[in-house]
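Asker: What follows is the file my_file.csv, containing CSV, C-alpha atoms:
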```
chain,number,residue,atom,x,y,z
W,1,MET,CA,-19.8,15.6,14.0
W,2,LEU,CA,-16.4,15.6,12.3
W,3,SER,CA,-14.6,18.3,10.5
W,4,LYS,CA,-13.1,17.3,7.1
W,5,ALA,CA,-9.7,17.5,8.7
W,6,GLN,CA,-10.7,15.1,11.4
W,7,LEU,CA,-12.1,12.8,8.7
W,8,LEU,CA,-9.2,12.9,6.3
W,9,GLU,CA,-6.0,13.4,8.3
W,10,PRO,CA,-6.1,10.1,10.1
W,11,LEU,CA,-7.0,8.3,6.9
W,12,ALA,CA,-4.1,9.9,5.0
W,13,ARG,CA,-1.8,8.9,7.9
W,14,LEU,CA,-2.8,5.2,7.7
W,15,ARG,CA,-2.9,5.0,3.9
W,16,THR,CA,-0.1,3.2,2.2
W,17,ASN,CA,-0.7,2.1,-1.4
W,18,GLU,CA,-4.5,1.8,-1.4
W,19,VAL,CA,-6.4,3.4,-4.2
W,20,VAL,CA,-8.3,6.4,-3.0
W,21,VAL,CA,-11.2,7.6,-5.1
W,22,THR,CA,-12.7,11.0,-4.1
W,23,THR,CA,-15.5,13.2,-5.4
W,24,MET,CA,-17.2,16.5,-4.9
W,25,SER,CA,-16.5,18.3,-1.7
W,26,VAL,CA,-13.7,16.1,-0.5
W,27,VAL,CA,-11.5,16.3,-3.6
W,28,ARG,CA,-9.6,19.4,-2.7
W,29,PRO,CA,-9.5,18.7,1.1
W,30,TRP,CA,-8.1,15.2,0.4
W,31,ALA,CA,-5.4,16.8,-1.8
W,32,GLN,CA,-4.2,18.8,1.2
W,33,TYR,CA,-3.2,15.5,2.9
W,34,SER,CA,-2.3,13.4,-0.1
W,35,ASP,CA,-0.4,13.7,-3.3
W,36,HIS,CA,-0.3,10.1,-4.5
W,37,ASP,CA,-0.2,8.4,-7.9
W,38,LEU,CA,-3.1,6.2,-6.8
W,39,ASP,CA,-5.5,9.1,-5.9
W,40,PHE,CA,-8.3,9.3,-8.4
W,41,ALA,CA,-10.6,12.3,-8.3
W,42,SER,CA,-14.0,11.6,-9.8
W,43,ALA,CA,-14.3,15.3,-10.7
W,44,ASP,CA,-15.4,16.7,-14.1
W,45,SER,CA,-16.9,13.3,-14.4
W,46,ALA,CA,-20.4,11.7,-14.0
W,47,MET,CA,-22.7,12.8,-11.2
W,48,GLY,CA,-23.4,10.1,-8.7
W,49,HIS,CA,-21.2,7.5,-10.3
W,50,THR,CA,-18.2,7.5,-7.9
W,51,ALA,CA,-19.0,4.3,-5.9
W,52,ASP,CA,-19.6,2.3,-9.0
W,53,LEU,CA,-16.4,3.5,-10.6
W,54,ALA,CA,-14.5,2.5,-7.5
W,55,LEU,CA,-16.2,-0.8,-7.6
W,56,GLY,CA,-14.8,-1.4,-11.1
W,57,ILE,CA,-11.3,-0.7,-9.9
W,58,ALA,CA,-11.8,-3.0,-6.9
W,59,LEU,CA,-13.0,-5.8,-9.1
W,60,ALA,CA,-10.0,-5.4,-11.4
W,61,GLN,CA,-7.5,-5.3,-8.6
W,62,PRO,CA,-8.8,-7.8,-6.0
W,63,SER,CA,-5.6,-7.9,-4.0
W,64,ARG,CA,-5.5,-4.1,-3.4
W,65,THR,CA,-7.8,-2.2,-1.1
W,66,VAL,CA,-9.9,0.5,-2.8
W,67,ILE,CA,-11.2,3.3,-0.6
W,68,CYS,CA,-14.0,5.4,-2.0
W,69,LEU,CA,-14.9,8.7,-0.3
W,70,ASN,CA,-18.4,9.3,-1.7
W,71,GLY,CA,-20.8,12.1,-0.8
W,72,ASP,CA,-24.3,11.6,0.6
W,73,GLY,CA,-25.8,13.3,-2.4
W,74,SER,CA,-23.8,11.3,-4.8
W,75,MET,CA,-24.7,8.0,-3.0
W,76,LEU,CA,-28.4,8.9,-3.3
W,77,MET,CA,-28.1,9.3,-7.0
W,78,SER,CA,-27.0,5.7,-7.4
W,79,LEU,CA,-28.4,3.8,-4.3
W,80,GLY,CA,-28.6,0.6,-6.3
W,81,THR,CA,-24.9,0.5,-6.3
W,82,LEU,CA,-25.0,-0.7,-2.7
W,83,ALA,CA,-26.7,-3.8,-3.9
W,84,THR,CA,-24.3,-4.2,-6.9
W,85,ILE,CA,-21.3,-3.9,-4.6
W,86,VAL,CA,-22.5,-6.7,-2.3
W,87,ALA,CA,-23.6,-8.9,-5.2
W,88,SER,CA,-20.2,-8.5,-6.9
W,89,GLY,CA,-18.3,-9.9,-3.9
W,90,ALA,CA,-15.7,-7.1,-4.0
W,91,SER,CA,-14.2,-7.8,-0.5
W,92,ASN,CA,-11.5,-5.2,-1.1
W,93,LEU,CA,-13.8,-2.1,-1.3
W,94,VAL,CA,-14.2,0.3,1.6
W,95,LEU,CA,-17.0,2.7,0.9
W,96,PHE,CA,-17.3,5.9,2.9
W,97,VAL,CA,-20.3,8.1,2.7
W,98,ILE,CA,-19.5,11.6,3.8
W,99,ASP,CA,-22.8,12.8,5.2
W,100,ASN,CA,-23.3,16.5,5.6
W,101,GLY,CA,-26.9,16.5,4.5
W,102,THR,CA,-26.4,18.8,1.6
W,103,TYR,CA,-25.1,19.4,-1.9
W,104,GLU,CA,-22.1,21.3,-0.7
W,105,ILE,CA,-20.6,22.1,-4.1
W,106,THR,CA,-23.7,24.1,-5.2
W,107,GLY,CA,-24.2,25.9,-1.9
W,108,ASN,CA,-25.4,23.4,0.7
W,109,GLN,CA,-28.9,22.9,-0.5
W,110,PRO,CA,-30.4,19.9,1.4
W,111,VAL,CA,-30.3,16.5,-0.1
W,112,PRO,CA,-33.6,14.5,-0.1
W,113,GLY,CA,-34.2,13.0,3.4
W,114,ALA,CA,-31.4,15.0,5.0
W,115,GLY,CA,-31.4,14.6,8.8
W,116,HIS,CA,-33.4,11.3,8.9
W,117,LEU,CA,-31.9,9.1,6.2
W,118,ASP,CA,-30.0,6.1,7.7
W,119,PHE,CA,-27.2,5.2,5.3
W,120,VAL,CA,-25.8,2.5,7.6
W,121,ALA,CA,-29.2,0.8,7.7
W,122,MET,CA,-29.4,1.0,4.0
W,123,ALA,CA,-26.0,-0.6,3.6
W,124,GLN,CA,-26.9,-3.3,6.1
W,125,ALA,CA,-30.1,-4.0,4.2
W,126,ALA,CA,-28.2,-4.3,1.0
W,127,GLY,CA,-26.0,-7.0,2.6
W,128,PHE,CA,-22.8,-5.2,3.7
W,129,GLN,CA,-21.4,-7.4,6.5
W,130,ARG,CA,-19.3,-4.7,8.1
W,131,THR,CA,-20.9,-1.3,8.6
W,132,TYR,CA,-20.0,1.7,10.7
W,133,GLY,CA,-21.5,5.0,11.5
W,134,PHE,CA,-19.5,7.8,13.1
W,135,ASP,CA,-20.3,11.3,14.4
W,136,ASP,CA,-17.5,11.5,17.0
W,137,PRO,CA,-14.0,12.2,15.8
W,138,ASN,CA,-12.3,10.2,18.6
W,139,ALA,CA,-14.5,7.1,18.0
W,140,TYR,CA,-13.8,7.4,14.3
W,141,GLU,CA,-10.0,7.7,14.7
W,142,ALA,CA,-9.9,4.8,17.2
W,143,ALA,CA,-11.9,2.5,14.9
W,144,LEU,CA,-10.2,3.5,11.6
W,145,PRO,CA,-7.3,1.0,11.6
W,146,GLY,CA,-9.6,-1.9,12.2
W,147,LEU,CA,-12.1,-0.6,9.7
W,148,LEU,CA,-9.4,-0.6,7.0
W,149,GLN,CA,-8.3,-4.2,7.8
W,150,GLY,CA,-10.0,-7.5,7.1
W,151,GLY,CA,-12.6,-8.5,4.6
W,152,GLY,CA,-15.3,-6.4,3.1
W,153,PRO,CA,-17.0,-4.8,1.4
W,154,VAL,CA,-17.0,-2.3,4.2
W,155,PHE,CA,-19.4,0.6,4.6
W,156,ALA,CA,-18.9,3.7,6.8
W,157,CYS,CA,-21.1,6.7,7.1
W,158,ILE,CA,-19.4,9.7,8.6
W,159,ARG,CA,-21.3,12.8,9.7
W,160,VAL,CA,-19.3,15.9,8.8
W,161,GLU,CA,-19.8,19.6,9.3
W,162,LEU,CA,-21.1,21.8,6.5
W,163,GLY,CA,-18.3,23.2,4.3
W,164,THR,CA,-17.8,25.7,1.6
W,165,GLU,CA,-16.2,23.8,-1.2
W,166,GLY,CA,-17.2,25.2,-4.6
W,167,PRO,CA,-17.3,23.7,-8.1
W,168,ILE,CA,-14.1,21.9,-9.2
W,169,SER,CA,-12.4,22.6,-12.4
W,170,ARG,CA,-9.6,21.0,-14.2
W,171,SER,CA,-7.0,23.7,-14.8
W,172,ASN,CA,-3.7,25.0,-13.6
W,173,ALA,CA,-5.6,27.1,-11.1
W,174,GLU,CA,-6.3,24.0,-9.0
W,175,GLU,CA,-3.6,23.0,-6.5
W,176,ALA,CA,-3.9,19.2,-6.8
W,177,ARG,CA,-1.7,17.9,-9.6
W,178,TYR,CA,-4.4,15.5,-10.8
W,179,LEU,CA,-6.8,18.4,-11.3
W,180,LYS,CA,-4.3,20.3,-13.5
W,181,ILE,CA,-4.7,17.9,-16.4
W,182,SER,CA,-7.7,16.4,-18.2
W,183,LEU,CA,-9.6,13.5,-16.7
W,184,ALA,CA,-8.5,11.4,-19.7
W,185,ASP,CA,-4.8,12.2,-19.1
W,186,TRP,CA,-5.1,11.5,-15.4
W,187,SER,CA,-7.0,8.3,-16.1
W,188,GLN,CA,-4.1,7.1,-18.3
W,189,GLN,CA,-1.5,8.1,-15.7
W,190,PHE,CA,-3.4,6.5,-12.9
W,191,ARG,CA,-3.9,3.3,-14.9
W,192,THR,CA,-0.1,3.1,-15.7
W,193,ALA,CA,0.8,3.8,-12.0
W,194,LEU,CA,-1.6,1.2,-10.8
W,195,LEU,CA,-0.5,-1.5,-13.1
W,196,ASN,CA,3.2,-0.8,-12.3
W,197,ASP,CA,2.6,-0.8,-8.5
W,198,THR,CA,2.7,-3.9,-6.4
W,199,PRO,CA,0.0,-4.1,-3.7
W,200,SER,CA,1.4,-4.5,-0.1
Q,1,MET,CA,-43.3,-7.3,-35.7
Q,2,SER,CA,-39.9,-8.5,-34.7
Q,3,PRO,CA,-38.4,-11.3,-36.8
Q,4,PRO,CA,-38.3,-14.7,-35.2
Q,5,ALA,CA,-35.2,-15.3,-33.2
Q,6,ASP,CA,-34.0,-18.2,-35.3
Q,7,THR,CA,-33.5,-15.9,-38.3
Q,8,GLY,CA,-31.2,-13.5,-36.4
Q,9,PRO,CA,-27.6,-13.8,-35.3
Q,10,ARG,CA,-26.5,-16.6,-33.1
Q,11,ALA,CA,-25.4,-15.8,-29.6
Q,12,ASN,CA,-22.6,-18.3,-29.7
Q,13,VAL,CA,-21.0,-16.4,-32.6
Q,14,LEU,CA,-21.1,-13.2,-30.7
Q,15,HIS,CA,-19.8,-14.9,-27.6
Q,16,ALA,CA,-16.9,-16.5,-29.5
Q,17,ALA,CA,-15.9,-13.1,-30.9
Q,18,LEU,CA,-15.8,-11.6,-27.4
Q,19,VAL,CA,-13.7,-14.5,-26.1
Q,20,ASP,CA,-11.3,-14.2,-29.1
Q,21,LEU,CA,-10.7,-10.5,-28.1
Q,22,GLY,CA,-9.9,-11.4,-24.5
Q,23,VAL,CA,-12.9,-9.7,-23.0
Q,24,SER,CA,-12.6,-10.6,-19.3
Q,25,TYR,CA,-15.6,-8.7,-17.8
Q,26,ILE,CA,-19.1,-8.1,-19.1
Q,27,VAL,CA,-21.1,-5.4,-17.3
Q,28,GLY,CA,-24.7,-4.8,-18.0
Q,29,ILE,CA,-28.3,-5.7,-17.9
Q,30,PRO,CA,-29.9,-8.3,-20.2
Q,31,ASP,CA,-32.9,-7.8,-22.4
Q,32,ASN,CA,-34.9,-10.4,-24.3
Q,33,ALA,CA,-32.6,-10.0,-27.3
Q,34,SER,CA,-29.4,-10.6,-25.4
Q,35,ALA,CA,-30.8,-13.2,-22.9
Q,36,VAL,CA,-29.2,-16.2,-24.7
Q,37,LEU,CA,-25.8,-14.3,-24.9
Q,38,PHE,CA,-26.0,-13.6,-21.2
Q,39,ASP,CA,-26.6,-17.2,-20.5
Q,40,LEU,CA,-23.5,-18.2,-22.4
Q,41,ILE,CA,-21.5,-15.5,-20.5
Q,42,LEU,CA,-22.8,-16.8,-17.2
Q,43,ARG,CA,-21.5,-20.3,-18.1
Q,44,ASP,CA,-18.1,-19.1,-19.3
Q,45,PRO,CA,-15.4,-19.4,-16.6
Q,46,SER,CA,-13.1,-17.1,-18.7
Q,47,MET,CA,-15.6,-14.2,-18.2
Q,48,SER,CA,-16.9,-12.5,-15.2
Q,49,LEU,CA,-20.4,-11.0,-15.4
Q,50,VAL,CA,-21.2,-8.0,-13.3
Q,51,PRO,CA,-25.0,-7.4,-13.3
Q,52,ALA,CA,-25.8,-3.7,-12.8
Q,53,THR,CA,-28.9,-2.1,-11.3
Q,54,ARG,CA,-29.1,0.7,-14.0
Q,55,GLU,CA,-27.3,1.0,-17.3
Q,56,GLY,CA,-25.5,4.2,-16.2
Q,57,GLU,CA,-23.9,2.2,-13.4
Q,58,ALA,CA,-22.6,-0.3,-16.0
Q,59,PHE,CA,-20.6,2.4,-17.8
Q,60,ALA,CA,-19.0,3.6,-14.5
Q,61,ILE,CA,-18.1,0.0,-13.4
Q,62,ALA,CA,-16.7,-0.8,-16.8
Q,63,SER,CA,-14.6,2.4,-16.7
Q,64,GLY,CA,-13.3,1.4,-13.3
Q,65,LEU,CA,-12.4,-2.1,-14.6
Q,66,TRP,CA,-10.4,-0.5,-17.4
Q,67,LEU,CA,-8.6,1.8,-14.9
Q,68,GLY,CA,-7.7,-1.4,-13.1
Q,69,GLY,CA,-6.2,-3.0,-16.1
Q,70,ARG,CA,-9.1,-5.2,-17.3
Q,71,HIS,CA,-10.8,-5.4,-20.7
Q,72,PRO,CA,-14.5,-5.0,-20.1
Q,73,ALA,CA,-17.5,-4.7,-22.5
Q,74,VAL,CA,-20.9,-3.4,-21.7
Q,75,ILE,CA,-24.1,-5.1,-22.9
Q,76,ILE,CA,-27.4,-3.1,-22.5
Q,77,GLN,CA,-30.6,-2.3,-24.4
Q,78,ASN,CA,-31.1,1.1,-26.2
Q,79,THR,CA,-33.6,2.1,-23.6
Q,80,GLY,CA,-30.8,1.9,-21.0
Q,81,LEU,CA,-28.5,3.8,-23.3
Q,82,LEU,CA,-30.8,6.8,-23.0
Q,83,GLU,CA,-30.7,6.4,-19.2
Q,84,SER,CA,-27.0,6.4,-19.2
Q,85,GLY,CA,-26.3,9.8,-20.7
Q,86,ASP,CA,-24.3,11.5,-18.0
Q,87,SER,CA,-22.6,8.4,-16.9
Q,88,LEU,CA,-21.4,7.5,-20.4
Q,89,ARG,CA,-20.3,11.1,-21.0
Q,90,GLY,CA,-18.7,11.6,-17.7
Q,91,THR,CA,-16.9,8.2,-17.4
Q,92,ALA,CA,-16.0,6.3,-20.5
Q,93,VAL,CA,-16.1,9.2,-22.9
Q,94,ARG,CA,-14.5,11.8,-20.7
Q,95,MET,CA,-11.8,9.3,-19.5
Q,96,GLY,CA,-11.0,8.1,-22.9
Q,97,VAL,CA,-11.9,4.4,-22.2
Q,98,PRO,CA,-11.6,2.0,-25.1
Q,99,LEU,CA,-15.0,0.3,-24.4
Q,100,LEU,CA,-16.9,-2.0,-26.6
Q,101,CYS,CA,-20.7,-1.5,-26.1
Q,102,LEU,CA,-23.2,-4.0,-27.3
Q,103,ILE,CA,-26.6,-2.3,-27.4
Q,104,GLY,CA,-29.9,-4.0,-28.2
Q,105,TYR,CA,-31.7,-2.0,-30.8
Q,106,ARG,CA,-35.2,-2.4,-29.5
Q,107,GLY,CA,-37.8,-1.4,-32.1
Q,108,TYR,CA,-35.6,-1.6,-35.1
Q,109,ALA,CA,-37.8,-4.0,-37.1
Q,110,LYS,CA,-41.0,-2.0,-36.5
Q,111,MET,CA,-39.2,1.2,-37.4
Q,112,LYS,CA,-38.1,-0.4,-40.7
Q,113,GLU,CA,-41.6,-1.7,-41.3
Q,114,ALA,CA,-43.0,1.8,-40.9
Q,115,HIS,CA,-40.4,3.0,-43.4
Q,116,LEU,CA,-39.0,5.5,-40.8
Q,117,ASP,CA,-35.4,6.5,-41.2
Q,118,PRO,CA,-33.4,7.6,-38.2
Q,119,HIS,CA,-31.1,9.6,-40.5
Q,120,ALA,CA,-34.0,11.6,-42.0
Q,121,GLY,CA,-33.8,14.4,-39.4
Q,122,PRO,CA,-35.0,14.9,-35.8
Q,123,PRO,CA,-38.0,12.7,-34.8
Q,124,THR,CA,-41.3,14.6,-34.7
Q,125,ARG,CA,-44.2,14.5,-32.2
Q,126,THR,CA,-46.0,12.4,-34.8
Q,127,THR,CA,-43.3,9.8,-35.1
Q,128,LEU,CA,-42.5,9.8,-31.4
Q,129,THR,CA,-46.2,9.1,-30.4
Q,130,GLN,CA,-46.9,6.7,-33.3
Q,131,SER,CA,-48.4,3.5,-31.6
Q,132,ASP,CA,-46.9,1.0,-34.1
Q,133,VAL,CA,-43.4,2.3,-33.7
Q,134,ASP,CA,-41.2,2.1,-30.6
Q,135,SER,CA,-39.9,5.6,-30.1
Q,136,VAL,CA,-36.6,4.4,-28.5
Q,137,ALA,CA,-35.6,3.1,-32.0
Q,138,LEU,CA,-36.1,6.5,-33.5
Q,139,LEU,CA,-33.8,8.1,-30.9
Q,140,THR,CA,-31.0,5.5,-30.7
Q,141,GLU,CA,-28.8,6.5,-33.7
Q,142,PRO,CA,-29.4,10.2,-33.4
Q,143,THR,CA,-28.5,10.0,-29.7
Q,144,LEU,CA,-25.3,8.1,-30.4
Q,145,ARG,CA,-24.4,10.6,-33.1
Q,146,ALA,CA,-25.1,13.6,-30.8
Q,147,TRP,CA,-23.0,12.0,-28.0
Q,148,GLY,CA,-20.1,11.4,-30.4
Q,149,ILE,CA,-20.2,7.6,-30.1
Q,150,PRO,CA,-19.2,5.7,-33.3
Q,151,TYR,CA,-21.5,2.8,-34.0
Q,152,HIS,CA,-22.1,-0.1,-36.4
Q,153,LEU,CA,-25.2,-2.2,-37.0
Q,154,TYR,CA,-24.9,-5.9,-36.2
Q,155,SER,CA,-27.7,-7.9,-37.8
Q,156,THR,CA,-26.5,-11.4,-38.9
Q,157,ASP,CA,-23.6,-13.8,-38.2
Q,158,ASP,CA,-21.9,-12.3,-41.3
Q,159,ASP,CA,-21.4,-9.2,-39.2
Q,160,ALA,CA,-19.2,-11.1,-36.6
Q,161,PRO,CA,-16.0,-9.4,-37.8
Q,162,LEU,CA,-17.5,-6.1,-36.7
Q,163,VAL,CA,-16.9,-7.1,-33.1
Q,164,ALA,CA,-13.1,-7.1,-33.6
Q,165,GLU,CA,-13.3,-4.0,-35.8
Q,166,ALA,CA,-15.3,-2.1,-33.2
Q,167,TRP,CA,-12.9,-3.3,-30.5
Q,168,ALA,CA,-9.9,-2.1,-32.6
Q,169,GLN,CA,-11.5,1.2,-33.3
Q,170,ALA,CA,-12.2,1.7,-29.6
Q,171,HIS,CA,-8.6,1.1,-28.7
Q,172,ARG,CA,-7.2,3.1,-31.7
Q,173,GLU,CA,-9.4,6.1,-30.8
Q,174,ALA,CA,-9.5,5.6,-27.0
Q,175,ARG,CA,-13.2,6.0,-26.8
Q,176,PRO,CA,-16.4,3.9,-26.5
Q,177,VAL,CA,-17.6,2.3,-29.8
Q,178,ALA,CA,-21.1,0.7,-30.0
Q,179,LEU,CA,-22.5,-2.3,-31.9
Q,180,LEU,CA,-26.2,-2.0,-32.3
Q,181,LEU,CA,-27.7,-5.5,-32.2
Q,182,THR,CA,-30.7,-5.1,-34.6
Q,183,HIS,CA,-32.1,-8.6,-34.0
Q,184,ALA,CA,-32.5,-11.0,-31.1
Q,185,SER,CA,-29.7,-13.5,-30.9
Q,186,SER,CA,-30.6,-17.2,-30.4
```
Would you kindly transcribe this structure into structure tokens?
Answerer:
Amino acid sequence: MLSKAQLLEPLARLRTNEVVVTTMSVVRPWAQYSDHDLDFASADSAMGHTADLALGIALAQPSRTVICLNGDGSMLMSLGTLATIVASGASNLVLFVIDNGTYEITGNQPVPGAGHLDFVAMAQAAGFQRTYGFDDPNAYEAALPGLLQGGGPVFACIRVELGTEGPISRSNAEEARYLKISLADWSQQFRTALLNDTPS
Amino acid sequence: MSPPADTGPRANVLHAALVDLGVSYIVGIPDNASAVLFDLILRDPSMSLVPATREGEAFAIASGLWLGGRHPAVIIQNTGLLESGDSLRGTAVRMGVPLLCLIGYRGYAKMKEAHLDPHAGPPTRTTLTQSDVDSVALLTEPTLRAWGIPYHLYSTDDDAPLVAEAWAQAHREARPVALLLTHASS
């Protein structure tokens, strides 16, 4: 099982100008490693609709990789999105499911099926051609560069330790700059940055 | 009883209005009333169709498309609108996405035949359980008003200019704007 640091630090180190979409209990932890114009926090937003939001960005920007750090609870709220992603042909989407078995934000109540759900098998059944499952930090870090390269869509389920992240607000009390302003304002800034940036 | 499709608006007029606006992506789920329009979109190489599994998913995908610089529109039925509540609120509305939403107004004709008025106050148990009225029709306009979504009724080809007007309103006000398609298009 990985800590969030073991999950996010290697990813932040490898990230160049990919879009990174986060939600729920990885929003603040990701901001400890990244302060990027192309970070988008699906926070103060719609429950369970992070992967589909990321899919829309990926379809709009086919020459840029879009990395989505989704939660297991969030994924369960919109499982059909696995089928939509594959059907859409979005080869530039990398979808992580951060699997801690709980709704961490509300106090780690168990998600339905916690402990026996197989997200990798679900992604394979939906038609993802490249799927990964990790519960060992060394195996994850070794595989990550290859995972981020090549055609997709890519699916990776990462088993992580329970955490203590609480509800996310949008206010000056938050450290991440994209949480200090409204979702509408950050959406506009993000869109402008994305359209002015050239994919590598 | 719903009016025959050949008395309603033509799908090619709606489709042409979308093309004129430069709509590049359609996200949604077809219903019987929009089936012909979906067929036209499927055959149009200037548009990409993204079929969704649920209507709430459609609003999130469309919002992502807008973030990425595209000009999407959503096409769903009013039943799916009710399913979409938190997604519409949390994505397109909360993000300030200028989004044109074409929403099939299932039950509109029967509601009118029963002389029920969606502006006459909250629906009651009696009207919501009335067998000759589709309850989703009674809830559609009150729901849009409650959610702060501007809307216009689209009933005939004469309403075609509403597509551009709703599009302009969505961009001027940076919010979703709905066109309620009261009749099946043919």
Asker: From the options W:Leu2, W:Ala90, W:Ile98, W:Ala193, which residue's atoms come nearest to W:Gln129, counting only C-alpha atoms?
Answerer: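 Smallest separation from W:Gln129 among the options: W:Ala90.
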Asker: Which residues, written as an MDAnalysis selection string, have at least one atom at most 12 Å from W:Met24, with only C-alpha atoms counted and residues fewer than 3 positions away on the same chain left out?
Answerer: chainID W and resid 21 27:30 40:50 68:75 97:98 102:106 163:169
Asker: With distances taken over all atoms listed in the file, which of Q:Leu144, Q:Leu180, Q:Ala168, Q:Val36 is nearest to Q:Leu99?
Answerer: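 Closest to Q:Leu99, using all atoms listed in the file: Q:Ala168.
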Asker: Using all atoms listed in the file, which residue out of W:Thr81, W:Ser91, W:Ser34, W:Thr16 lies closest to chain Q?
Answerer: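 With all atoms listed in the file as the atom set, the closest residue is W:Thr81.
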Asker: Anything within 6 Å of (-8.2, 2.2, -12.2): list those residues as number ranges by chain, counting all atoms listed in the file and sticking to the file's coordinates.
Answerer: W: 57, 191; Q: 64, 67-68
Asker: Per residue of chain Q within 6 Å of chain W, note the shortest atom pair and the distance in Å to one decimal, counting only C-alpha atoms, and order the rows by chain and increasing residue number, as JSON lines.
Answerer:
```
{"residue": "Q:Thr53", "atom": "CA", "partner": "W:Gly80", "partner_atom": "CA", "distance": 5.7}
{"residue": "Q:Ala60", "atom": "CA", "partner": "W:Leu53", "partner_atom": "CA", "distance": 4.7}
{"residue": "Q:Ile61", "atom": "CA", "partner": "W:Gly56", "partner_atom": "CA", "distance": 4.3}
{"residue": "Q:Gly64", "atom": "CA", "partner": "W:Gly56", "partner_atom": "CA", "distance": 3.9}
{"residue": "Q:Leu65", "atom": "CA", "partner": "W:Gly56", "partner_atom": "CA", "distance": 4.3}
{"residue": "Q:Leu67", "atom": "CA", "partner": "W:Arg191", "partner_atom": "CA", "distance": 4.9}
{"residue": "Q:Gly68", "atom": "CA", "partner": "W:Ile57", "partner_atom": "CA", "distance": 4.9}
{"residue": "Q:Arg70", "atom": "CA", "partner": "W:Ala60", "partner_atom": "CA", "distance": 6.0}
{"residue": "Q:Asp86", "atom": "CA", "partner": "W:Ala46", "partner_atom": "CA", "distance": 5.6}
{"residue": "Q:Ser87", "atom": "CA", "partner": "W:Ala46", "partner_atom": "CA", "distance": 4.9}
{"residue": "Q:Gly90", "atom": "CA", "partner": "W:Ala46", "partner_atom": "CA", "distance": 4.1}
{"residue": "Q:Thr91", "atom": "CA", "partner": "W:Ser45", "partner_atom": "CA", "distance": 5.9}
{"residue": "Q:Met95", "atom": "CA", "partner": "W:Ala184", "partner_atom": "CA", "distance": 3.9}
{"residue": "Q:Gly96", "atom": "CA", "partner": "W:Ala184", "partner_atom": "CA", "distance": 5.2}
```
Asker: I want to know what sits within 12 Å of W:Leu148, based on only C-alpha atoms, with residues of the same chain fewer than 4 positions away left out; could you give that as a ChimeraX atom specification?
Answerer: /W:10-12,14-16,18,64-68,91-96,130-132,140-144,152-156
Asker: Dump C-alpha atoms for the selected residues as a PDB file, in the frame of the given file?
Answerer:
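Final file, again_10.pdb:
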```pdb
ATOM      1  CA  PRO W  10      -6.100  10.100  10.100  1.00  0.00           C
ATOM      2  CA  LEU W  11      -7.000   8.300   6.900  1.00  0.00           C
ATOM      3  CA  ALA W  12      -4.100   9.900   5.000  1.00  0.00           C
ATOM      4  CA  LEU W  14      -2.800   5.200   7.700  1.00  0.00           C
ATOM      5  CA  ARG W  15      -2.900   5.000   3.900  1.00  0.00           C
ATOM      6  CA  THR W  16      -0.100   3.200   2.200  1.00  0.00           C
ATOM      7  CA  GLU W  18      -4.500   1.800  -1.400  1.00  0.00           C
ATOM      8  CA  ARG W  64      -5.500  -4.100  -3.400  1.00  0.00           C
ATOM      9  CA  THR W  65      -7.800  -2.200  -1.100  1.00  0.00           C
ATOM     10  CA  VAL W  66      -9.900   0.500  -2.800  1.00  0.00           C
ATOM     11  CA  ILE W  67     -11.200   3.300  -0.600  1.00  0.00           C
ATOM     12  CA  CYS W  68     -14.000   5.400  -2.000  1.00  0.00           C
ATOM     13  CA  SER W  91     -14.200  -7.800  -0.500  1.00  0.00           C
ATOM     14  CA  ASN W  92     -11.500  -5.200  -1.100  1.00  0.00           C
ATOM     15  CA  LEU W  93     -13.800  -2.100  -1.300  1.00  0.00           C
ATOM     16  CA  VAL W  94     -14.200   0.300   1.600  1.00  0.00           C
ATOM     17  CA  LEU W  95     -17.000   2.700   0.900  1.00  0.00           C
ATOM     18  CA  PHE W  96     -17.300   5.900   2.900  1.00  0.00           C
ATOM     19  CA  ARG W 130     -19.300  -4.700   8.100  1.00  0.00           C
ATOM     20  CA  THR W 131     -20.900  -1.300   8.600  1.00  0.00           C
ATOM     21  CA  TYR W 132     -20.000   1.700  10.700  1.00  0.00           C
ATOM     22  CA  TYR W 140     -13.800   7.400  14.300  1.00  0.00           C
ATOM     23  CA  GLU W 141     -10.000   7.700  14.700  1.00  0.00           C
ATOM     24  CA  ALA W 142      -9.900   4.800  17.200  1.00  0.00           C
ATOM     25  CA  ALA W 143     -11.900   2.500  14.900  1.00  0.00           C
ATOM     26  CA  LEU W 144     -10.200   3.500  11.600  1.00  0.00           C
ATOM     27  CA  GLY W 152     -15.300  -6.400   3.100  1.00  0.00           C
ATOM     28  CA  PRO W 153     -17.000  -4.800   1.400  1.00  0.00           C
ATOM     29  CA  VAL W 154     -17.000  -2.300   4.200  1.00  0.00           C
ATOM     30  CA  PHE W 155     -19.400   0.600   4.600  1.00  0.00           C
ATOM     31  CA  ALA W 156     -18.900   3.700   6.800  1.00  0.00           C
TER      32      ALA W 156
END
```
Asker: What is the distance, in Å and to one decimal place, between atom CA of Q:Leu100 and atom CA of Q:Trp66?
Answerer: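 Calculated distance between atom CA of Q:Leu100 and atom CA of Q:Trp66 is 11.4 Å.
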Asker: To one decimal in Å, tell me the separation between atom CA of Q:Leu21 and atom CA of Q:Pro142.
Answerer: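 For atom CA of Q:Leu21 relative to atom CA of Q:Pro142, the distance reads 28.4 Å.
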Asker: Find the distance between atom CA of W:Phe134 and atom CA of W:Asp99 and write it in Å to one decimal.
Answerer: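 Calculated distance between atom CA of W:Phe134 and atom CA of W:Asp99 is 9.9 Å.
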Asker: Would you list the contacts of Q:Thr182 as a PyMOL selection string, taking every protein, DNA or RNA residue within 12 Å and counting all atoms listed in the file, but skipping same-chain residues closer than 6 positions in sequence?
Answerer: chain Q and resi 2-3+5+7-9+33-34+77-78+102-112+137+140-141+152-157+159
